[in-house]
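Asks: Coordinates in protein00.txt, compact mmCIF, C-alpha atoms and all ligand atoms, are listed below.
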# COMPACT_ATOMS: atom_id res chain seq x y z
CA MET D 1 -153.41 -43.58 94.25
CA LEU D 2 -150.81 -40.86 94.82
CA LEU D 3 -148.25 -40.74 97.61
CA SER D 4 -147.94 -37.25 99.04
CA LYS D 5 -144.53 -35.70 99.66
CA GLN D 6 -145.69 -35.04 103.18
CA LEU D 7 -146.19 -38.73 103.98
CA ILE D 8 -142.73 -39.54 102.65
CA GLU D 9 -141.16 -36.71 104.67
CA GLN D 10 -142.94 -37.79 107.83
CA SER D 11 -141.63 -41.30 107.41
CA ASN D 12 -138.09 -40.06 106.67
CA ASN D 13 -138.12 -37.89 109.80
CA THR D 14 -138.70 -40.89 112.02
CA LEU D 15 -135.71 -42.67 110.43
CA LEU D 16 -133.41 -39.68 110.12
CA THR D 17 -131.19 -40.05 113.21
CA ALA D 18 -130.35 -43.67 112.49
CA HIS D 19 -129.77 -42.87 108.80
CA GLN D 20 -127.44 -39.97 109.52
CA ARG D 21 -125.34 -42.11 111.84
CA LYS D 22 -124.86 -44.75 109.12
CA PHE D 23 -124.34 -42.20 106.36
CA GLU D 24 -121.63 -40.31 108.21
CA LEU D 25 -119.79 -43.56 108.91
CA ALA D 26 -119.92 -44.53 105.21
CA ALA D 27 -119.10 -41.01 104.00
CA ALA D 28 -115.95 -40.75 106.13
CA ASP D 29 -113.99 -42.97 103.71
CA ILE D 30 -115.28 -41.45 100.45
CA ASN D 31 -113.69 -38.37 98.86
CA ASN D 32 -116.01 -37.30 96.06
CA MET D 33 -119.28 -37.89 97.90
CA ASN D 34 -121.27 -35.08 96.27
CA THR D 35 -120.37 -36.25 92.77
CA ILE D 36 -121.37 -39.80 93.66
CA LEU D 37 -124.67 -38.69 95.20
CA GLN D 38 -125.50 -36.62 92.11
CA LYS D 39 -124.81 -39.59 89.84
CA LEU D 40 -127.07 -41.77 91.97
CA ILE D 41 -129.80 -39.11 91.89
CA ASP D 42 -129.56 -38.80 88.09
CA PHE D 43 -129.64 -42.56 87.42
CA GLN D 44 -133.10 -43.75 86.34
CA VAL D 45 -134.22 -47.27 85.51
CA ALA D 46 -137.21 -47.85 83.23
CA ILE D 47 -139.96 -50.17 84.38
CA PRO D 48 -141.55 -52.41 81.74
CA SER D 49 -145.31 -52.23 81.54
CA TRP D 50 -145.49 -56.05 81.82
CA ALA D 51 -143.76 -56.22 85.21
CA LEU D 52 -146.59 -54.71 87.25
CA GLY D 53 -148.65 -57.88 87.34
CA THR D 54 -147.76 -61.17 88.97
CA GLY D 55 -145.58 -63.25 86.70
CA GLY D 56 -146.43 -66.77 85.70
CA THR D 57 -144.70 -69.89 84.53
CA ARG D 58 -145.89 -72.28 81.84
CA PHE D 59 -147.44 -74.29 84.66
CA GLY D 60 -149.60 -71.63 86.21
CA ARG D 61 -150.07 -68.09 87.35
CA PHE D 62 -151.16 -67.02 90.80
CA SER D 63 -152.42 -63.47 90.45
CA GLY D 64 -152.19 -61.13 93.39
CA GLY D 65 -154.92 -58.65 94.17
CA GLY D 66 -155.09 -55.08 92.94
CA GLU D 67 -153.09 -55.69 89.77
CA PRO D 68 -153.31 -52.91 87.19
CA GLY D 69 -155.88 -53.83 84.53
CA THR D 70 -155.27 -50.88 82.22
CA LEU D 71 -152.33 -48.91 80.87
CA GLU D 72 -153.47 -45.97 83.02
CA GLN D 73 -153.25 -48.12 86.15
CA LYS D 74 -149.83 -49.41 85.14
CA ILE D 75 -148.60 -45.83 84.83
CA GLU D 76 -150.05 -45.09 88.27
CA ASP D 77 -148.15 -48.06 89.71
CA ILE D 78 -144.86 -46.87 88.24
CA GLY D 79 -145.72 -43.42 89.58
CA LEU D 80 -145.96 -44.99 93.04
CA LEU D 81 -142.57 -46.67 92.64
CA HIS D 82 -141.02 -43.44 91.44
CA ALA D 83 -142.51 -41.46 94.32
CA LEU D 84 -140.95 -43.95 96.74
CA ASN D 85 -137.47 -44.27 95.22
CA GLN D 86 -137.13 -41.39 92.69
CA SER D 87 -135.16 -43.81 90.48
CA SER D 88 -137.96 -45.31 88.36
CA GLY D 89 -138.73 -42.32 86.17
CA ALA D 90 -139.52 -44.13 82.92
CA ILE D 91 -141.88 -46.72 81.47
CA SER D 92 -141.23 -49.14 78.63
CA LEU D 93 -144.34 -50.20 76.72
CA HIS D 94 -145.05 -53.51 75.10
CA ILE D 95 -147.14 -53.42 71.94
CA PRO D 96 -149.78 -54.82 71.52
CA TRP D 97 -150.26 -55.49 75.25
CA ASP D 98 -150.37 -51.76 75.99
CA ILE D 99 -151.61 -49.83 72.97
CA PRO D 100 -152.63 -46.35 74.13
CA SER D 101 -156.12 -45.44 72.94
CA ASP D 102 -155.35 -41.75 73.41
CA ALA D 103 -151.62 -41.05 73.20
CA ASN D 104 -151.92 -37.45 74.39
CA ALA D 105 -153.93 -38.38 77.48
CA ILE D 106 -151.41 -41.13 78.30
CA LYS D 107 -148.54 -38.69 77.84
CA LYS D 108 -150.22 -36.24 80.20
CA LEU D 109 -150.83 -38.92 82.82
CA ALA D 110 -147.19 -40.03 82.64
CA ALA D 111 -145.97 -36.45 82.96
CA HIS D 112 -148.21 -36.03 86.01
CA HIS D 113 -146.25 -38.90 87.60
CA HIS D 114 -142.92 -37.46 86.33
CA LEU D 115 -142.41 -40.41 83.97
CA LYS D 116 -140.85 -40.54 80.52
CA PHE D 117 -141.38 -43.15 77.82
CA ASP D 118 -138.40 -45.41 77.32
CA ALA D 119 -137.96 -47.93 74.48
CA VAL D 120 -141.09 -49.44 72.92
CA ASN D 121 -141.09 -53.21 72.50
CA SER D 122 -142.55 -55.16 69.59
CA ASN D 123 -144.06 -58.63 69.91
CA THR D 124 -143.78 -61.19 67.15
CA PHE D 125 -143.43 -64.14 69.50
CA GLN D 126 -147.19 -64.59 70.00
CA ASP D 127 -150.15 -64.68 67.65
CA GLN D 128 -152.75 -62.00 68.26
CA LYS D 129 -156.46 -62.69 67.79
CA ASP D 130 -157.02 -60.83 64.52
CA GLN D 131 -153.69 -61.74 62.97
CA LEU D 132 -153.60 -63.10 59.40
CA HIS D 133 -150.39 -65.17 59.53
CA SER D 134 -149.00 -67.24 62.40
CA TYR D 135 -145.57 -66.82 64.03
CA LYS D 136 -145.43 -70.48 64.97
CA PHE D 137 -142.32 -70.92 62.81
CA GLY D 138 -140.86 -67.49 63.37
CA SER D 139 -141.42 -63.93 62.23
CA LEU D 140 -138.61 -61.87 60.69
CA HIS D 141 -136.75 -65.03 59.60
CA HIS D 142 -139.84 -66.90 58.33
CA VAL D 143 -139.57 -68.87 55.08
CA ASP D 144 -142.82 -67.21 53.87
CA LYS D 145 -142.40 -63.63 52.73
CA ALA D 146 -145.97 -62.76 53.73
CA VAL D 147 -145.21 -63.62 57.37
CA ARG D 148 -142.04 -61.55 57.29
CA ARG D 149 -143.99 -58.65 55.79
CA GLN D 150 -146.59 -58.83 58.58
CA ALA D 151 -143.85 -58.83 61.25
CA ILE D 152 -142.06 -55.90 59.60
CA GLU D 153 -145.32 -53.90 59.44
CA HIS D 154 -145.95 -54.64 63.12
CA ASN D 155 -142.55 -53.23 64.08
CA ILE D 156 -143.19 -50.11 62.01
CA GLU D 157 -146.57 -49.76 63.75
CA VAL D 158 -144.80 -49.99 67.13
CA ILE D 159 -142.43 -47.19 66.09
CA LYS D 160 -145.49 -45.03 65.28
CA HIS D 161 -146.96 -45.63 68.74
CA GLY D 162 -143.59 -44.76 70.24
CA VAL D 163 -143.33 -41.53 68.25
CA ALA D 164 -146.74 -40.45 69.53
CA LEU D 165 -145.55 -40.93 73.13
CA GLY D 166 -142.07 -39.46 72.83
CA SER D 167 -140.06 -42.70 72.89
CA LYS D 168 -136.73 -42.70 71.08
CA SER D 169 -135.97 -46.37 70.63
CA LEU D 170 -137.42 -49.68 69.50
CA THR D 171 -136.40 -52.94 71.18
CA VAL D 172 -136.68 -56.03 69.01
CA TRP D 173 -136.51 -59.41 70.66
CA LEU D 174 -137.20 -62.36 68.38
CA SER D 175 -138.13 -65.82 69.52
CA ASP D 176 -137.27 -67.00 65.98
CA GLY D 177 -135.25 -70.17 65.92
CA SER D 178 -135.65 -73.89 65.55
CA CYS D 179 -136.40 -76.76 67.90
CA PHE D 180 -134.87 -79.58 65.87
CA PRO D 181 -131.81 -80.13 63.69
CA GLY D 182 -132.65 -79.79 60.02
CA GLN D 183 -135.67 -77.56 60.63
CA LEU D 184 -133.92 -74.43 59.36
CA ASN D 185 -131.30 -73.38 56.92
CA PHE D 186 -129.23 -71.13 59.21
CA ARG D 187 -127.95 -68.84 56.46
CA THR D 188 -131.38 -68.36 54.90
CA ALA D 189 -132.82 -67.60 58.34
CA TRP D 190 -130.02 -65.11 58.99
CA LYS D 191 -130.46 -63.38 55.61
CA ASN D 192 -134.25 -63.19 55.92
CA THR D 193 -133.89 -61.67 59.38
CA PHE D 194 -131.31 -59.18 58.19
CA GLU D 195 -133.45 -58.02 55.25
CA SER D 196 -136.47 -57.66 57.53
CA LEU D 197 -134.42 -55.68 60.07
CA GLN D 198 -133.14 -53.44 57.27
CA GLU D 199 -136.73 -52.45 56.44
CA ILE D 200 -137.50 -51.72 60.09
CA TYR D 201 -134.24 -49.78 60.42
CA ALA D 202 -135.18 -47.69 57.39
CA ALA D 203 -138.46 -46.73 59.11
CA LEU D 204 -136.70 -45.33 62.21
CA PRO D 205 -137.00 -41.57 62.70
CA SER D 206 -133.61 -39.84 62.48
CA ASP D 207 -133.22 -39.48 66.27
CA TRP D 208 -134.26 -43.07 67.05
CA LYS D 209 -132.25 -46.17 67.90
CA LEU D 210 -132.93 -49.84 67.23
CA PHE D 211 -132.00 -52.24 70.02
CA LEU D 212 -131.54 -55.88 69.04
CA GLU D 213 -131.83 -58.20 72.03
CA TYR D 214 -130.33 -61.69 71.89
CA LYS D 215 -131.23 -64.83 73.80
CA ALA D 216 -129.49 -68.22 73.88
CA TYR D 217 -132.54 -70.48 73.94
CA GLU D 218 -136.25 -70.68 74.75
CA PRO D 219 -138.84 -70.85 73.32
CA ASN D 220 -136.71 -72.59 70.70
CA PHE D 221 -134.32 -75.22 72.00
CA TYR D 222 -132.04 -76.15 69.13
CA SER D 223 -131.11 -72.80 67.57
CA THR D 224 -132.03 -69.16 67.99
CA THR D 225 -131.58 -66.81 65.06
CA VAL D 226 -130.35 -63.94 67.30
CA GLY D 227 -128.83 -66.26 69.86
CA ASP D 228 -125.85 -64.46 71.35
CA TRP D 229 -124.02 -61.16 71.42
CA GLY D 230 -121.88 -62.09 68.41
CA GLN D 231 -124.92 -62.72 66.25
CA SER D 232 -126.64 -59.56 67.46
CA LEU D 233 -123.46 -57.54 66.85
CA LEU D 234 -123.19 -58.95 63.34
CA TYR D 235 -126.68 -57.63 62.58
CA THR D 236 -126.27 -54.26 64.32
CA ALA D 237 -122.85 -53.62 62.77
CA LYS D 238 -124.24 -54.27 59.29
CA LEU D 239 -127.46 -52.32 59.90
CA GLY D 240 -125.74 -49.04 60.73
CA PRO D 241 -125.00 -46.46 63.43
CA LYS D 242 -128.54 -46.38 64.86
CA ALA D 243 -128.53 -50.12 65.67
CA PHE D 244 -127.24 -51.43 69.00
CA THR D 245 -127.00 -54.73 70.86
CA LEU D 246 -129.16 -55.08 73.96
CA VAL D 247 -127.96 -57.24 76.85
CA ASP D 248 -130.56 -59.05 78.93
CA LEU D 249 -128.73 -60.60 81.88
CA GLY D 250 -130.82 -63.79 81.82
CA HIS D 251 -130.30 -64.46 78.11
CA HIS D 252 -126.89 -66.13 78.36
CA LEU D 253 -125.76 -69.70 78.74
CA PRO D 254 -124.68 -70.53 82.30
CA ASN D 255 -121.43 -68.94 83.52
CA ALA D 256 -121.09 -66.60 80.53
CA ASN D 257 -118.75 -63.70 81.31
CA ILE D 258 -121.30 -60.94 80.83
CA GLU D 259 -119.00 -58.20 82.12
CA GLN D 260 -116.53 -58.98 79.34
CA ILE D 261 -119.30 -58.91 76.72
CA VAL D 262 -120.42 -55.52 78.01
CA SER D 263 -116.91 -54.14 77.95
CA LEU D 264 -116.32 -55.14 74.32
CA LEU D 265 -119.72 -53.95 73.10
CA MET D 266 -118.98 -50.55 74.64
CA MET D 267 -115.55 -50.49 73.06
CA GLU D 268 -117.29 -50.88 69.68
CA ASP D 269 -119.97 -48.25 70.53
CA LYS D 270 -122.57 -50.96 70.07
CA LEU D 271 -123.98 -51.43 73.57
CA ALA D 272 -127.64 -50.38 73.68
CA GLY D 273 -128.16 -50.94 77.36
CA PHE D 274 -129.66 -53.49 79.70
CA HIS D 275 -132.54 -55.60 80.69
CA PHE D 276 -131.76 -56.29 84.35
CA ASN D 277 -132.81 -59.43 86.18
CA ASP D 278 -131.06 -62.33 87.86
CA SER D 279 -130.96 -66.05 87.28
CA LYS D 280 -129.74 -69.33 88.68
CA TYR D 281 -130.22 -71.59 85.65
CA GLY D 282 -131.55 -69.80 82.57
CA ASP D 283 -133.92 -66.96 81.78
CA ASP D 284 -135.32 -67.17 85.30
CA ASP D 285 -136.39 -63.50 85.47
CA LEU D 286 -135.59 -63.34 89.17
CA THR D 287 -135.21 -60.14 91.19
CA VAL D 288 -132.05 -58.21 90.25
CA GLY D 289 -129.21 -59.02 92.66
CA SER D 290 -131.08 -61.86 94.34
CA ILE D 291 -128.76 -64.65 93.16
CA ASN D 292 -125.47 -63.18 92.03
CA PRO D 293 -124.89 -59.62 93.29
CA TYR D 294 -121.12 -59.88 92.71
CA GLN D 295 -121.67 -60.43 88.98
CA LEU D 296 -123.95 -57.39 88.91
CA PHE D 297 -121.24 -55.34 90.59
CA LEU D 298 -118.59 -56.57 88.13
CA ILE D 299 -120.87 -55.59 85.23
CA PHE D 300 -121.37 -52.11 86.69
CA ASN D 301 -117.64 -51.85 87.25
CA GLU D 302 -117.07 -52.42 83.51
CA LEU D 303 -119.91 -50.05 82.66
CA VAL D 304 -118.58 -47.19 84.77
CA GLU D 305 -115.00 -47.70 83.60
CA GLY D 306 -116.07 -48.01 79.96
CA MET D 307 -118.48 -45.06 80.03
CA ASP D 308 -115.90 -42.85 81.73
CA ALA D 309 -113.28 -43.84 79.15
CA LYS D 310 -115.63 -42.50 76.46
CA SER D 311 -116.88 -39.51 78.51
CA MET D 312 -120.41 -40.87 78.36
CA ASN D 313 -123.28 -39.67 80.52
CA HIS D 314 -124.05 -42.56 82.86
CA ALA D 315 -127.70 -41.63 83.17
CA THR D 316 -128.65 -41.01 79.57
CA ASP D 317 -126.23 -42.56 77.07
CA LEU D 318 -127.30 -46.16 77.63
CA ALA D 319 -130.78 -47.62 78.18
CA TRP D 320 -131.47 -49.05 81.64
CA MET D 321 -134.48 -51.24 82.14
CA ILE D 322 -135.71 -54.05 84.35
CA ASP D 323 -137.01 -57.18 82.65
CA ALA D 324 -138.12 -59.53 85.39
CA SER D 325 -141.21 -61.43 86.37
CA HIS D 326 -142.55 -62.15 89.80
CA ASN D 327 -144.16 -65.47 90.63
CA VAL D 328 -144.29 -65.31 94.38
CA LYS D 329 -143.78 -61.66 95.33
CA ASP D 330 -145.83 -58.50 95.25
CA PRO D 331 -144.65 -57.07 91.90
CA LEU D 332 -144.21 -53.56 93.30
CA GLU D 333 -142.15 -54.73 96.28
CA ASP D 334 -140.08 -56.86 93.93
CA LEU D 335 -139.40 -53.91 91.64
CA LEU D 336 -138.35 -51.80 94.64
CA GLN D 337 -135.87 -54.55 95.55
CA SER D 338 -134.57 -54.73 91.97
CA ILE D 339 -134.01 -50.99 91.73
CA GLU D 340 -132.26 -50.99 95.11
CA ALA D 341 -129.93 -53.80 93.93
CA ILE D 342 -129.09 -51.84 90.76
CA MET D 343 -128.36 -48.66 92.71
CA ILE D 344 -126.18 -50.55 95.19
CA ALA D 345 -124.12 -52.18 92.41
CA TYR D 346 -123.80 -48.81 90.65
CA ALA D 347 -122.70 -47.05 93.86
CA GLN D 348 -120.14 -49.78 94.56
CA ALA D 349 -118.75 -49.40 91.04
CA LEU D 350 -118.51 -45.63 91.58
CA ILE D 351 -116.27 -46.10 94.64
CA VAL D 352 -113.80 -48.48 92.98
CA ASP D 353 -110.30 -47.02 93.18
CA THR D 354 -109.83 -46.95 89.41
CA ASN D 355 -106.31 -45.53 89.44
CA ALA D 356 -105.08 -48.12 91.92
CA LEU D 357 -106.71 -50.86 89.82
CA LYS D 358 -104.98 -49.64 86.64
CA GLU D 359 -101.69 -49.57 88.53
CA ALA D 360 -102.20 -53.13 89.82
CA GLN D 361 -103.11 -54.32 86.30
CA SER D 362 -100.02 -52.70 84.80
CA VAL D 363 -97.70 -54.72 87.05
CA ASN D 364 -99.76 -57.94 87.02
CA ASP D 365 -100.53 -57.63 90.72
CA VAL D 366 -103.46 -60.03 90.65
CA VAL D 367 -103.91 -60.10 94.42
CA LYS D 368 -104.06 -56.31 94.65
CA ALA D 369 -106.56 -56.12 91.77
CA GLN D 370 -108.87 -58.51 93.59
CA GLU D 371 -108.44 -56.61 96.87
CA ILE D 372 -109.43 -53.35 95.15
CA LEU D 373 -112.56 -54.76 93.53
CA GLN D 374 -113.71 -56.63 96.60
CA ALA D 375 -113.05 -53.67 98.89
CA ALA D 376 -115.68 -51.77 96.89
CA PHE D 377 -118.06 -54.74 96.69
CA ARG D 378 -117.88 -55.35 100.43
CA THR D 379 -118.54 -51.73 101.33
CA ASP D 380 -122.05 -51.18 102.63
CA VAL D 381 -123.20 -48.40 100.29
CA ARG D 382 -126.86 -48.62 101.28
CA PRO D 383 -126.61 -45.37 103.30
CA LEU D 384 -125.32 -43.58 100.15
CA VAL D 385 -128.19 -44.89 98.07
CA ALA D 386 -130.68 -43.93 100.79
CA GLU D 387 -129.17 -40.44 101.11
CA ALA D 388 -129.45 -39.89 97.33
CA ARG D 389 -133.04 -41.07 97.46
CA MET D 390 -133.90 -38.75 100.34
CA GLN D 391 -132.20 -35.76 98.69
CA SER D 392 -134.33 -36.26 95.59
CA GLY D 393 -137.54 -36.51 97.61
CA GLY D 394 -137.86 -40.29 97.91
CA ALA D 395 -138.24 -42.50 100.95
CA LEU D 396 -135.31 -43.64 103.10
CA GLN D 397 -136.91 -47.09 103.36
CA PRO D 398 -139.22 -47.58 100.34
CA ILE D 399 -140.41 -51.13 101.07
CA GLN D 400 -141.01 -50.38 104.74
CA LEU D 401 -143.08 -47.34 103.77
CA PHE D 402 -144.96 -49.26 101.05
CA ARG D 403 -145.98 -51.76 103.73
CA SER D 404 -146.74 -49.34 106.54
CA LEU D 405 -148.96 -47.23 104.26
CA LYS D 406 -150.73 -50.44 103.20
CA VAL D 407 -150.38 -49.49 99.54
CA ARG D 408 -151.30 -52.93 98.21
CA GLU D 409 -154.38 -53.10 100.45
CA GLN D 410 -155.50 -49.74 99.06
CA LEU D 411 -154.92 -50.89 95.48
CA ILE D 412 -157.02 -54.00 96.15
CA GLN D 413 -159.80 -51.78 97.50
CA GLU D 414 -159.63 -49.58 94.39
CA ARG D 415 -159.26 -52.32 91.77
CA GLY D 416 -160.55 -55.50 93.37
CA VAL D 417 -159.02 -58.81 94.33
CA VAL D 418 -159.45 -60.48 90.95
CA THR D 419 -157.61 -58.36 88.42
CA VAL D 420 -155.20 -59.60 85.80
CA ALA D 421 -152.57 -57.45 84.15
CA THR D 422 -151.86 -58.02 80.45
CA GLY D 423 -148.61 -59.78 79.70
CA LEU D 424 -147.30 -63.30 79.82
MN MN P 1 -135.44 -58.79 77.88
Just dump the structure as structure tokens.
Replies:
Amino acid sequence: MLLSKQLIEQSNNTLLTAHQRKFELAAADINNMNTILQKLIDFQVAIPSWALGTGGTRFGRFSGGGEPGTLEQKIEDIGLLHALNQSSGAISLHIPWDIPSDANAIKKLAAHHHLKFDAVNSNTFQDQKDQLHSYKFGSLHHVDKAVRRQAIEHNIEVIKHGVALGSKSLTVWLSDGSCFPGQLNFRTAWKNTFESLQEIYAALPSDWKLFLEYKAYEPNFYSTTVGDWGQSLLYTAKLGPKAFTLVDLGHHLPNANIEQIVSLLMMEDKLAGFHFNDSKYGDDDLTVGSINPYQLFLIFNELVEGMDAKSMNHATDLAWMIDASHNVKDPLEDLLQSIEAIMIAYAQALIVDTNALKEAQSVNDVVKAQEILQAAFRTDVRPLVAEARMQSGGALQPIQLFRSLKVREQLIQERGVVTVATGL
């Protein structure tokens, strides 16, 4: 289904007076409002093709109705999100879950919904039906060269799919690791992985990037071969200038200082971008900003400061993507909440008084530094985010409109109650 501009405008008109009152109040204290609004308008977050269905756990999956059963339907769903918030203008495909049968037709459909193709993702953490060798004991680090070869070829295949669609980057996340002490020789595993990555790196087109995502644990529980940002950076530094380290917020051990990691990766020009989500305990894949919005703000504060220090384009120089899963929510409503949380954290980072903060840091005024950061964090920037959304043609209240238009009910009518999206 398509949401007409007219429906969105009608809805905005009924909310306009209340919005303007809140916006003017918020705007009164902000100097460079137009610059901030333009940055918010430009900022786009890619939606992964596996986030449109209801997420599961290893104990069960409770599918909702009207889930997209095909790649075409997934693109339509992201088109709906983008129509509502004008901030979800890209899709990130997972191969082999979403192999396009006709790349040109898929490209056309995406363009019709004003969507671009973000990074393509390979999958060597599962065995596929027709696969010759198993990834039970890893893929790029495997002790058997034939398994490594198969995993390398798969990644090269994924690059080819991406080229056909206009993607410019490959994200590699490996579940390779070990569950028990003694299972692996760490150095052999590292060297095998590095040699495999070198072959994939060599197959990248000249304008492509390789993103290497790390994760502390799970599915392996004793060691992970790309287990933290140091290990990922070691690989990407040795691979070359087209290799970058990807930060997934849920892939750290508890209480890790992610904002510091981000800051240093940017300093080294090695930050690829983000997989956004939130977590309480581990890789929980919860809605962005649902558990620890202050951490998200602190990360964006480092991002904005670091990108500005290098004159980077906030919207295009790093990769922004959601990587979350939704056990108990409507996936589309959840994604709207995640995008909103990202935009709020970004807007708060944009209003930090950077000069005052530098001044406070230079004289060790710890209290002042905290006051400056928390003044931004405690500012209600929702009217700014809503204004940017309205100016770019989106809805002032996306979730409210999604519900009042009964979008999910219509999708269930179109697709049926029992539909299951591909993914985990
Ligand atoms: Mn991820």
Asks: Identify, counting all atoms listed in the file, the protein, DNA and RNA residues located within 6 Å of ligand MN 1 (chain P), and give them as a PyMOL selection string.
Replies: chain D and resi 248+275+323
Asks: Find the residues near segment 105-111 of chain D: any atom within 10 Å, counting only C-alpha atoms, skip ones fewer than 2 places away on the same chain, and give them as a PDB file with C-alpha atoms, keeping the file's coordinate frame.
Replies:
ATOM      1  CA  LEU D  71    -152.330 -48.910  80.870  1.00  0.00           C
ATOM      2  CA  GLU D  72    -153.470 -45.970  83.020  1.00  0.00           C
ATOM      3  CA  ILE D  75    -148.600 -45.830  84.830  1.00  0.00           C
ATOM      4  CA  GLU D  76    -150.050 -45.090  88.270  1.00  0.00           C
ATOM      5  CA  ILE D  78    -144.860 -46.870  88.240  1.00  0.00           C
ATOM      6  CA  GLY D  79    -145.720 -43.420  89.580  1.00  0.00           C
ATOM      7  CA  GLY D  89    -138.730 -42.320  86.170  1.00  0.00           C
ATOM      8  CA  ALA D  90    -139.520 -44.130  82.920  1.00  0.00           C
ATOM      9  CA  ILE D  91    -141.880 -46.720  81.470  1.00  0.00           C
ATOM     10  CA  PRO D 100    -152.630 -46.350  74.130  1.00  0.00           C
ATOM     11  CA  SER D 101    -156.120 -45.440  72.940  1.00  0.00           C
ATOM     12  CA  ASP D 102    -155.350 -41.750  73.410  1.00  0.00           C
ATOM     13  CA  ALA D 103    -151.620 -41.050  73.200  1.00  0.00           C
ATOM     14  CA  HIS D 113    -146.250 -38.900  87.600  1.00  0.00           C
ATOM     15  CA  HIS D 114    -142.920 -37.460  86.330  1.00  0.00           C
ATOM     16  CA  LEU D 115    -142.410 -40.410  83.970  1.00  0.00           C
ATOM     17  CA  LYS D 116    -140.850 -40.540  80.520  1.00  0.00           C
ATOM     18  CA  PHE D 117    -141.380 -43.150  77.820  1.00  0.00           C
ATOM     19  CA  ALA D 164    -146.740 -40.450  69.530  1.00  0.00           C
ATOM     20  CA  LEU D 165    -145.550 -40.930  73.130  1.00  0.00           C
ATOM     21  CA  GLY D 166    -142.070 -39.460  72.830  1.00  0.00           C
TER      22      GLY D 166
END
Asks: For a cut-off of 10 Å around (-138.5, -42.9, 64.3), file coordinates, pick out all residues using all atoms listed in the file and list them as a list in words.
Replies: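 Output of the proximity query reads Ile156, Val158, Ile159, Lys160, His161, Gly162, Val163, Gly166, Ser167, Lys168, Ser169, Leu170, Ile200, Tyr201, Ala202, Ala203, Leu204, Pro205, Ser206, Asp207, Trp208, Lys209 and Leu210 of chain D.
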Asks: Write out as a Markdown table a residue-level contact list of segment 312-343 of chain D versus segment 280-286 of chain D with cut-off 10 Å: for each qualifying residue the closest pair of atoms and the distance in Å to one decimal, counting only C-alpha atoms, rows sorted by chain and residue number upward.
Replies:
| residue | atom | partner | partner_atom | distance |
| --- | --- | --- | --- | --- |
| D:Ile322 | CA | D:Asp285 | CA | 9.5 |
| D:Asp323 | CA | D:Asp285 | CA | 6.9 |
| D:Ala324 | CA | D:Asp285 | CA | 4.3 |
| D:Ser325 | CA | D:Asp285 | CA | 5.3 |
| D:His326 | CA | D:Leu286 | CA | 7.1 |
| D:Asn327 | CA | D:Leu286 | CA | 9.0 |
| D:Asp334 | CA | D:Leu286 | CA | 9.2 |
| D:Ser338 | CA | D:Leu286 | CA | 9.1 |
Asks: Generate a file of the selected residues that holds C-alpha atoms, formatted as a compact mmCIF listing (two decimals), in the frame of the given file.
Replies:
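File produced: result_27.txt:
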# COMPACT_ATOMS: atom_id res chain seq x y z
CA ILE D 322 -135.71 -54.05 84.35
CA ASP D 323 -137.01 -57.18 82.65
CA ALA D 324 -138.12 -59.53 85.39
CA SER D 325 -141.21 -61.43 86.37
CA HIS D 326 -142.55 -62.15 89.80
CA ASN D 327 -144.16 -65.47 90.63
CA ASP D 334 -140.08 -56.86 93.93
CA SER D 338 -134.57 -54.73 91.97
Asks: Here is a test: counting all atoms listed in the file, which residue of D:Asn364, D:Asn220, D:Gln86, D:Thr14 is nearest to Gly138 of chain D?
Replies: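 Nearest candidate to Gly138 of chain D out of D:Asn364, D:Asn220, D:Gln86, D:Thr14: D:Asn220.
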Asks: Enter the distance from atom CA of Thr17 of chain D to atom CA of Ile342 of chain D, in Å, rounded to one decimal.
Replies: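 Value for the atom CA of Thr17 of chain D-atom CA of Ile342 of chain D distance: 25.4 Å.
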Asks: Given only C-alpha atoms as the basis, pick out the residue of D:Val288, D:Val304, D:Ile41, D:Leu249 nearest to Ala388 of chain D.
Replies: D:Ile41
Asks: Generate the missing atoms of segment 121-128 of chain D up to N, CA and C atoms and report them as a compact mmCIF listing (two decimals), keeping the file's coordinate frame.
Replies:
# COMPACT_ATOMS: atom_id res chain seq x y z
N ASN D 121 -141.45 -51.83 72.80
CA ASN D 121 -141.09 -53.21 72.50
C ASN D 121 -142.11 -53.84 71.56
N SER D 122 -141.63 -54.48 70.50
CA SER D 122 -142.55 -55.16 69.59
C SER D 122 -142.74 -56.61 70.05
N ASN D 123 -143.76 -57.24 69.51
CA ASN D 123 -144.06 -58.63 69.91
C ASN D 123 -144.43 -59.44 68.68
N THR D 124 -143.48 -60.24 68.22
CA THR D 124 -143.78 -61.19 67.15
C THR D 124 -143.51 -62.61 67.63
N PHE D 125 -143.62 -62.79 68.95
CA PHE D 125 -143.43 -64.14 69.50
C PHE D 125 -144.75 -64.78 69.89
N GLN D 126 -145.86 -64.05 69.71
CA GLN D 126 -147.19 -64.59 70.00
C GLN D 126 -148.08 -64.27 68.82
N ASP D 127 -149.13 -65.05 68.64
CA ASP D 127 -150.15 -64.68 67.65
C ASP D 127 -151.23 -63.87 68.35
N GLN D 128 -151.63 -62.79 67.73
CA GLN D 128 -152.75 -62.00 68.26
C GLN D 128 -154.04 -62.47 67.58
